[in-house]
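Accompanying notes for the structure given below.
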There are 4 protein chains.
Amino acid sequence: MSQDAPAPPKRGRPRSAAARRKALDAAREILVRDGFGRLTIEAVAQASGVGKPTIYRSWSNAQELAMEALLEAAPDAPLPGDGAAPREALTALLSRIVRAFATTRGRQIAMALATADPDSEFTRAFRNRVILESREAGRRLLLSAVARGDLAPPADMDALLDMIFGALMFRLLAGHRPLDPALAHAIVAQVFGSPSGPPLGTDAAPT
Amino acid sequence: MSQDAPAPPKRGRPRSAAARRKALDAAREILVRDGFGRLTIEAVAQASGVGKPTIYRSWSNAQELAMEALLEAAPDAPLPGDGAAPREALTALLSRIVRAFATTRGRQIAMALATADPDSEFTRAFRNRVILESREAGRRLLLSAVARGDLAPPADMDALLDMIFGALMFRLLAGHRPLDPALAHAIVAQVFGSPSGPPLGTDAAPT
Amino acid sequence: MSQDAPAPPKRGRPRSAAARRKALDAAREILVRDGFGRLTIEAVAQASGVGKPTIYRSWSNAQELAMEALLEAAPDAPLPGDGAAPREALTALLSRIVRAFATTRGRQIAMALATADPDSEFTRAFRNRVILESREAGRRLLLSAVARGDLAPPADMDALLDMIFGALMFRLLAGHRPLDPALAHAIVAQVFGSPSGPPLGTDAAPT
Amino acid sequence: MSQDAPAPPKRGRPRSAAARRKALDAAREILVRDGFGRLTIEAVAQASGVGKPTIYRSWSNAQELAMEALLEAAPDAPLPGDGAAPREALTALLSRIVRAFATTRGRQIAMALATADPDSEFTRAFRNRVILESREAGRRLLLSAVARGDLAPPADMDALLDMIFGALMFRLLAGHRPLDPALAHAIVAQVFGSPSGPPLGTDAAPT
DNA sequence: TATTAAACGAGACGGTACGTCCTGTCTTGGT
DNA sequence: ACCAAGACAGGACGTACCGTCTCGTTTAATA
């Protein structure tokens with residue numbers, strides 16, 4: 001991505017990895033302690049002892065720095081074993097997301113997403129990594145459920161996925177109801193049908 | 001709560017409705033023309049000819065002013081006649097929302113929501129007015145569909161509503177796929193079942 | 001001066017003397033407590049319970065109000081009996097001025113004088129009342145001293161008076177040396193000559 | 001006092017002398033053109049193209065900036081040759097001061113002095129430079145006059161100096177009489193005695 | 001005694017300036 | 001060549017007062 005120069009002559013002093021680290025750590029701490037609105041380059045430079053120009057060399061504004069800090073802090077999605085029962089696996093996945101979002105960081109991620117330039121390369125990377133990765137895990141689970149006959153093949157898989165993951169983000173942002181684990185179960189029940197009754201959206205008899 | 005002063009004598013010069021109007025109009029124009037990031041109290045004062053302190057007297061920061069401006073500009077939800085077929089009515093409702101969000105204003109609303117203090121009274125009012133009103137219209141439509149037997153009663157109505165409306169917001173914010181009218185149809189199909197086949201979540205299925 | 005309107009019909013409610021009083025009292029207290037820089041119309045209105053327009057009806061800005069408040073507070077110069085020995089009377093007069101200026105008020109008077117529009121009618125009145133009245137008393141004392149033969153008739157009486165009173169103001173403003181009672185005696189000695197020895201500036205040998 | 005850091009390493013970008021210059025020049029021009037009351041940090045920043053924070057880095061308020069601008073503009077006191085006749089030299093010195101004060105700047109200096117915090121370090125420096133330097137020149141002239149026998153040794157030299165220079169300031173501030181060159185001559189005559197006749201306060205006034 | 005006009009308190013108005021904060025760039029001296 | 005430090009121009013922030021302008025309420029002279 002930044003390697004398109006085939007022969008980087010590597011002149012001069014190389015960038016200090018330590019400086020990046022200190023900046024990211026300071027940024028993360030500020031995010032956690034004071035929230036997104038206080039994450040200024042000035043404050044990060046102050047707190048980390050890294051010079052402002054050095055920070056600007058790595059990130060072009062506070063949003064990008066925030067995103068990378070959040071992205072780092074994101075749990076590295078140990079996605080549930082695909083061998084398990086898809087319904088339970090999806091429930092587990094959504095529950096993990098709920099728990100992650102329930103912290104302050106969830107809102108910060110949402111703010112970062114909403115505030116950032118939607119077309120920036122960084123924003124795209126962030127979306128892919130933080131948001132859509134889980135969505136793809138969900139897709140795999142739904143496909144395996146369909147393969148096992150637990151779920152009728154949905155007419156529009158993408159729309160279904162957006163309904164599932166959008167519900168979480170909607171609760172988080174609109175805040176009209178708490179974002180709690182019960183939602184994960186309710187969503188799964190809605191998709192697969194009630195545990196006892198016939199599954200949602202399928203006419204395939206339980207057999 | 002607001003009834004403790006039974007006869008507030010209304011001393012002093014009353015607030016000027018004209019000043020509020022000019023400020024809101026200028027704010028709206030700036031939002032449309034330059035986006036949320038440029039909506040500065042300074043700029044609004046400049047553009048509207050209203051003094052800064054006067055603006056601060058009515059709104060305590062740029063977010064609040066932005067919200068009221070967006071809120072005003074929000075279409076006054078001419079909700080579909082509840083007598084019509086609920087499935088078509090829901091499709092129409094979601095399509096209208098998609099069209100509204102597809103404009104710049106959609107992202108602005110999302111940014112305002114994400115950026116603002118989630119506990120502020122203004123934020124709450126904004127959520128109720130702009131976000132949850134449509135959700136309630138959706139609830140009414142789903143209930144009437146259930147009453148007509150078009151839809152199996154969902155186990156968790158709130159979760160279902162959040163899935164429906166969350167999908168729209170998710171597409172808007174994550175931006176991984178376009179927020180287009182096809183999504184409205186896909187969501188409705190997912191909820192009610194494919195047009196020809198048996199509806200989703202119906203118990204009409206089992207045989 | 002304000003009588004050029006031949007028939008002031010004096011209809012309507014007359015100005016409230018109480019409002020003037022409250023404003024002046026509040027102004028004086030603020031001057032004493034917080035100094036000249038804090039004497040704002042706003043603060044006086046707040047502290048006195050008098051409305052801002054009412055204050056502006058009587059004084060056209062904070063300087064004028066300050067001046068009138070200071071002027072009121074000025075000791076009503078019970079000038080020394082002209083029958084007494086002029087030299088001692090002048091010493092007493094200057095000592096009194098030193099004492100008055102040594103308080104915070106002295107500086108405030110100087111600030112008011114320096115800050116105010118030099119051509120305003122109010123400033124002229126203030127100067128006449130607060131500054132020049134003492135100067136005229138001094139002139140009378142010098143004249144009587146000349147009449148008694150205690151003092152040679154000065155070539156330029158006005159210049160001499162300005163030297164006497166200017167010395168006080170100079171110490172007050174420049175602050176290079178304290179404005180203390182010793183100065184009053186030193187000035188008198190300078191003008192009349194040392195009590196025992198020959199007067200100042202003469203080359204007449206001490207005999 | 002300023003020696004506790006023996007080797008201040010002077011890190012970071014040094015202050016720009018050009019910025020200071022531009023600010024001071026703009027300040028001086030505003031003082032001359034519009035007067036002390038219009039000397040706003042805002043206006044200086046505007047007129048000079050220097051950022052407000054940069055100005056605040058060098059001066060902590062408008063008074064200090066005004067003082068430094070006035071101080072710069074002050075004529076560098078080419079004090080009269082001490083070898084000349086002291087009486088004529090003193091007359092020349094006072095005349096020069098009268099001429100300097102007769103301009104707008106005189107009043108501005110007085111306003112700056114009166115308005116500023118009397119204990120600020122800047123105010124002290126200003127006083128020393130602008131006010132007291134001339135006074136010291138006057139002291140030297142008087143001493144040499146005494147040495148030559150032109151003048152009887154005054155009982156209190158400081159008081160005499162304050163009378164001489166205070167007279168100028170008094171006329172300037174009180175404004176009861178013009179501050180014109182005649183005053184310089186009158187003061188000198190008062191101190192040294194009339195050129196022809198016997199000096200002031202002499203016992204030549206017999207009987 | 002009733003009318004009525006002016007002054008009253010309150011406080012919002014359009015402004016100006018304040019002094020602080022942060023942005024993103026630039027310029028030092030020190031590894 | 002990169003680093004930290006920090007000054008730079010710019011610009012928005014939210015506050016304080018300015019002096020003016022309604023408001024609705026006294027209040028006292030007049031009619």
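Every chain in the structure tokens has a letter given in the order shown (A, B, ...), and although residue numbers restart at 1 in each chain, ligands are simply numbered from 1 in the order shown.
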
Handout entry: Counting only C-alpha atoms (C1' of nucleotides), chain D residues within 7 Å of chain F, as a PyMOL selection string
Key = chain D and resi 11-15+50-51

Keeping N, CA and C atoms for every residue in the selection just given, could you write it to a file as a PDB file, in the first residue's frame?
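That gives us result.pdb:
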ATOM      1  N   ARG D  11      15.716  25.220  23.090  1.00  0.00           N
ATOM      2  CA  ARG D  11      15.202  24.301  22.098  1.00  0.00           C
ATOM      3  C   ARG D  11      14.035  24.927  21.368  1.00  0.00           C
ATOM      4  N   GLY D  12      13.669  24.292  20.259  1.00  0.00           N
ATOM      5  CA  GLY D  12      12.514  24.764  19.515  1.00  0.00           C
ATOM      6  C   GLY D  12      12.824  25.953  18.637  1.00  0.00           C
ATOM      7  N   ARG D  13      11.848  26.275  17.861  1.00  0.00           N
ATOM      8  CA  ARG D  13      12.016  27.403  16.943  1.00  0.00           C
ATOM      9  C   ARG D  13      12.079  28.698  17.718  1.00  0.00           C
ATOM     10  N   PRO D  14      13.036  29.530  17.434  1.00  0.00           N
ATOM     11  CA  PRO D  14      13.142  30.785  18.174  1.00  0.00           C
ATOM     12  C   PRO D  14      12.045  31.758  17.765  1.00  0.00           C
ATOM     13  N   ARG D  15      11.773  32.676  18.639  1.00  0.00           N
ATOM     14  CA  ARG D  15      10.788  33.713  18.321  1.00  0.00           C
ATOM     15  C   ARG D  15      11.222  34.487  17.078  1.00  0.00           C
ATOM     16  N   VAL D  50       0.134  39.398  11.892  1.00  0.00           N
ATOM     17  CA  VAL D  50       0.707  38.503  12.897  1.00  0.00           C
ATOM     18  C   VAL D  50      -0.443  37.853  13.658  1.00  0.00           C
ATOM     19  N   GLY D  51      -0.301  36.588  13.978  1.00  0.00           N
ATOM     20  CA  GLY D  51      -1.380  35.897  14.676  1.00  0.00           C
ATOM     21  C   GLY D  51      -1.552  36.387  16.093  1.00  0.00           C
TER      22      GLY D  51
END

Exercise for the section: Identify, on the basis of only C-alpha atoms (C1' of nucleotides), every residue whose closest approach to Arg28 of chain A does not exceed 12 Å; exclude the query and any residue fewer than 6 positions from it along the same chain; express the result as a PyMOL selection string. Expected result: chain A and resi 21-22+34-36+38-40+43-44+47-48+62+65-74+104-105+108-109

Selection from above, C-alpha atoms, as a short mmCIF file (atom, residue, chain, number, x, y, z; two decimals), in the first residue's frame, can you write it?
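Saved the output as part-v5.cif:
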data_model
loop_
_atom_site.label_atom_id
_atom_site.label_comp_id
_atom_site.auth_asym_id
_atom_site.auth_seq_id
_atom_site.Cartn_x
_atom_site.Cartn_y
_atom_site.Cartn_z
CA ARG A 21 3.96 3.48 19.52
CA LYS A 22 4.05 6.29 22.01
CA ASP A 34 -11.57 11.84 27.74
CA GLY A 35 -13.40 10.68 24.67
CA PHE A 36 -13.15 11.38 21.02
CA ARG A 38 -10.58 15.62 23.30
CA LEU A 39 -8.33 13.63 21.02
CA THR A 40 -6.34 16.48 19.52
CA ALA A 43 -2.86 16.70 23.34
CA VAL A 44 -1.32 13.54 21.92
CA ALA A 47 1.02 13.38 26.47
CA SER A 48 3.33 11.20 24.44
CA ALA A 62 -6.82 13.43 14.41
CA LEU A 65 -4.94 8.67 14.41
CA ALA A 66 -8.07 7.91 16.37
CA MET A 67 -9.03 5.24 13.90
CA GLU A 68 -5.72 3.52 14.05
CA ALA A 69 -5.75 3.63 17.81
CA LEU A 70 -9.25 2.17 17.92
CA LEU A 71 -8.38 -0.36 15.29
CA GLU A 72 -5.44 -1.57 17.29
CA ALA A 73 -7.50 -1.83 20.37
CA ALA A 74 -10.18 -3.83 18.55
CA THR A 104 -17.07 3.61 25.74
CA ARG A 105 -15.12 2.47 22.74
CA GLN A 108 -16.02 6.33 19.93
CA ILE A 109 -15.84 4.03 16.94
#

Exercise for the section: Show which residues sit within 8 Å of Ala145 of chain D, as a list of chain:residue names. Count only C-alpha atoms (C1' of nucleotides), and ignore same-chain residues fewer than 4 positions away. Expected result: D:Ala85, D:Pro86, D:Arg87, D:Leu141, D:Gly149, D:Asp150, D:Leu151

For those residues, write N, CA and C atoms to a file as a short mmCIF file (atom, residue, chain, number, x, y, z; two decimals), in the first residue's frame.
data_model
loop_
_atom_site.label_atom_id
_atom_site.label_comp_id
_atom_site.auth_asym_id
_atom_site.auth_seq_id
_atom_site.Cartn_x
_atom_site.Cartn_y
_atom_site.Cartn_z
N ALA D 85 26.04 75.71 29.96
CA ALA D 85 25.49 76.37 31.14
C ALA D 85 24.28 75.59 31.60
N PRO D 86 24.26 75.16 32.84
CA PRO D 86 23.16 74.30 33.30
C PRO D 86 21.80 74.93 33.14
N ARG D 87 21.70 76.20 33.39
CA ARG D 87 20.39 76.84 33.30
C ARG D 87 19.83 76.73 31.89
N LEU D 141 21.92 68.10 35.72
CA LEU D 141 22.04 69.53 35.41
C LEU D 141 21.98 70.37 36.68
N GLY D 149 27.88 77.05 41.47
CA GLY D 149 27.41 78.15 42.29
C GLY D 149 26.25 78.92 41.71
N ASP D 150 25.63 78.36 40.65
CA ASP D 150 24.46 79.03 40.06
C ASP D 150 23.22 78.84 40.90
N LEU D 151 23.27 77.86 41.76
CA LEU D 151 22.06 77.45 42.48
C LEU D 151 22.45 77.06 43.89
#

Exercise for the section: Enumerate, as an MDAnalysis selection string, the complete set of residues in segment 15-206 of chain B that a backbone-based DSSP assignment places in helix (DSSP H, G or I). Expected result: chainID B and resid 17:34 36:38 41:48 52:58 62:73 86:102 104:115 121:148 157:174 181:192

Practice task
Find the residues around Ala159 of chain C up to 8 Å (only C-alpha atoms (C1' of nucleotides) counted), leave out those fewer than 5 positions away in its own chain, and share them as a ChimeraX atom specification.
Solution key: /D:167,183,186-187

So that I have them on file, write out the residues from the current selection with C-alpha atoms, as a compact mmCIF listing (two decimals), in the first residue's frame.
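Saved file result_7.txt follows:
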# COMPACT_ATOMS: atom_id res chain seq x y z
CA ALA D 167 4.51 70.57 36.56
CA LEU D 183 6.11 76.86 30.94
CA ALA D 186 8.81 79.82 33.82
CA ILE D 187 9.90 76.70 35.67

Report as CSV the residues of segment 26-128 of chain B within 7 Å of segment 112-128 of chain A, each with its shortest atom pair and distance in Å (one decimal), using only C-alpha atoms, ordered by chain and increasing residue number.
residue,atom,partner,partner_atom,distance
B:Ala110,CA,A:Ala114,CA,6.4
B:Met111,CA,A:Ala114,CA,5.0
B:Ala114,CA,A:Ala114,CA,6.3

Keeping C-alpha atoms for every residue in the selection just given, could you write it to a file as a short mmCIF file (atom, residue, chain, number, x, y, z; two decimals), in the first residue's frame?
data_model
loop_
_atom_site.label_atom_id
_atom_site.label_comp_id
_atom_site.auth_asym_id
_atom_site.auth_seq_id
_atom_site.Cartn_x
_atom_site.Cartn_y
_atom_site.Cartn_z
CA ALA B 110 -25.65 10.80 11.30
CA MET B 111 -22.68 12.99 12.12
CA ALA B 114 -22.71 10.57 16.56
#

Fill in the blank from the handout: One decimal place gives the atom CA of His185 of chain C-atom CA of Phe170 of chain D separation as 19.5 Å

For a quick test of understanding: name the residues of chain E lying within 6 Å of chain B when counting only C-alpha atoms (C1' of nucleotides), and present them as a compact mmCIF listing (two decimals) with N, CA, C and O atoms (P, O5', C5', C4', C3', O3' and C1' of nucleotides), in the first residue's frame.
# COMPACT_ATOMS: atom_id res chain seq x y z
P DA E 10 -34.67 44.29 38.43
O5' DA E 10 -34.73 43.76 36.93
C5' DA E 10 -35.88 42.98 36.57
C4' DA E 10 -35.92 42.72 35.10
C3' DA E 10 -34.73 41.92 34.58
O3' DA E 10 -35.18 40.61 34.37
C1' DA E 10 -35.47 43.61 33.06
P DG E 11 -34.13 39.44 34.17
O5' DG E 11 -33.86 39.57 32.61
C5' DG E 11 -34.96 39.50 31.71
C4' DG E 11 -34.51 40.00 30.37
C3' DG E 11 -33.13 39.43 29.93
O3' DG E 11 -33.25 39.01 28.61
C1' DG E 11 -33.23 41.69 29.57
P DA E 12 -32.68 37.57 28.21
O5' DA E 12 -32.83 37.63 26.62
C5' DA E 12 -34.11 37.94 26.09
C4' DA E 12 -33.95 38.77 24.82
C3' DA E 12 -32.81 38.29 23.91
O3' DA E 12 -33.29 38.26 22.57
C1' DA E 12 -32.53 40.59 24.44
P DG E 14 -29.74 40.25 16.63
O5' DG E 14 -28.70 41.43 16.42
C5' DG E 14 -29.04 42.50 15.55
C4' DG E 14 -27.87 43.46 15.43
C3' DG E 14 -26.63 42.86 14.76
O3' DG E 14 -26.01 43.90 14.01
C1' DG E 14 -26.10 43.47 16.98

Practice task
Would you mind reading off the distance between atom CA of Val188 of chain A and atom CA of Phe101 of chain B, one decimal, in Å?
Solution key: 27.4 Å

Problem - Non-local contacts of segment 93-97 of chain A (10 Å; only C-alpha atoms (C1' of nucleotides); under 3 positions in same chain excluded) as a ChimeraX atom specification - result: /A:75,77-80,87-90,100-102,106,134-135,137-138,141,164-165,168,180-185,187-188

Completion exercise
Across C:Pro154, C:Leu173, C:Ala147, C:Ser58, the smallest distance to DA7 of chain E, with only C-alpha atoms (C1' of nucleotides) counted, is shown by C:Ser58
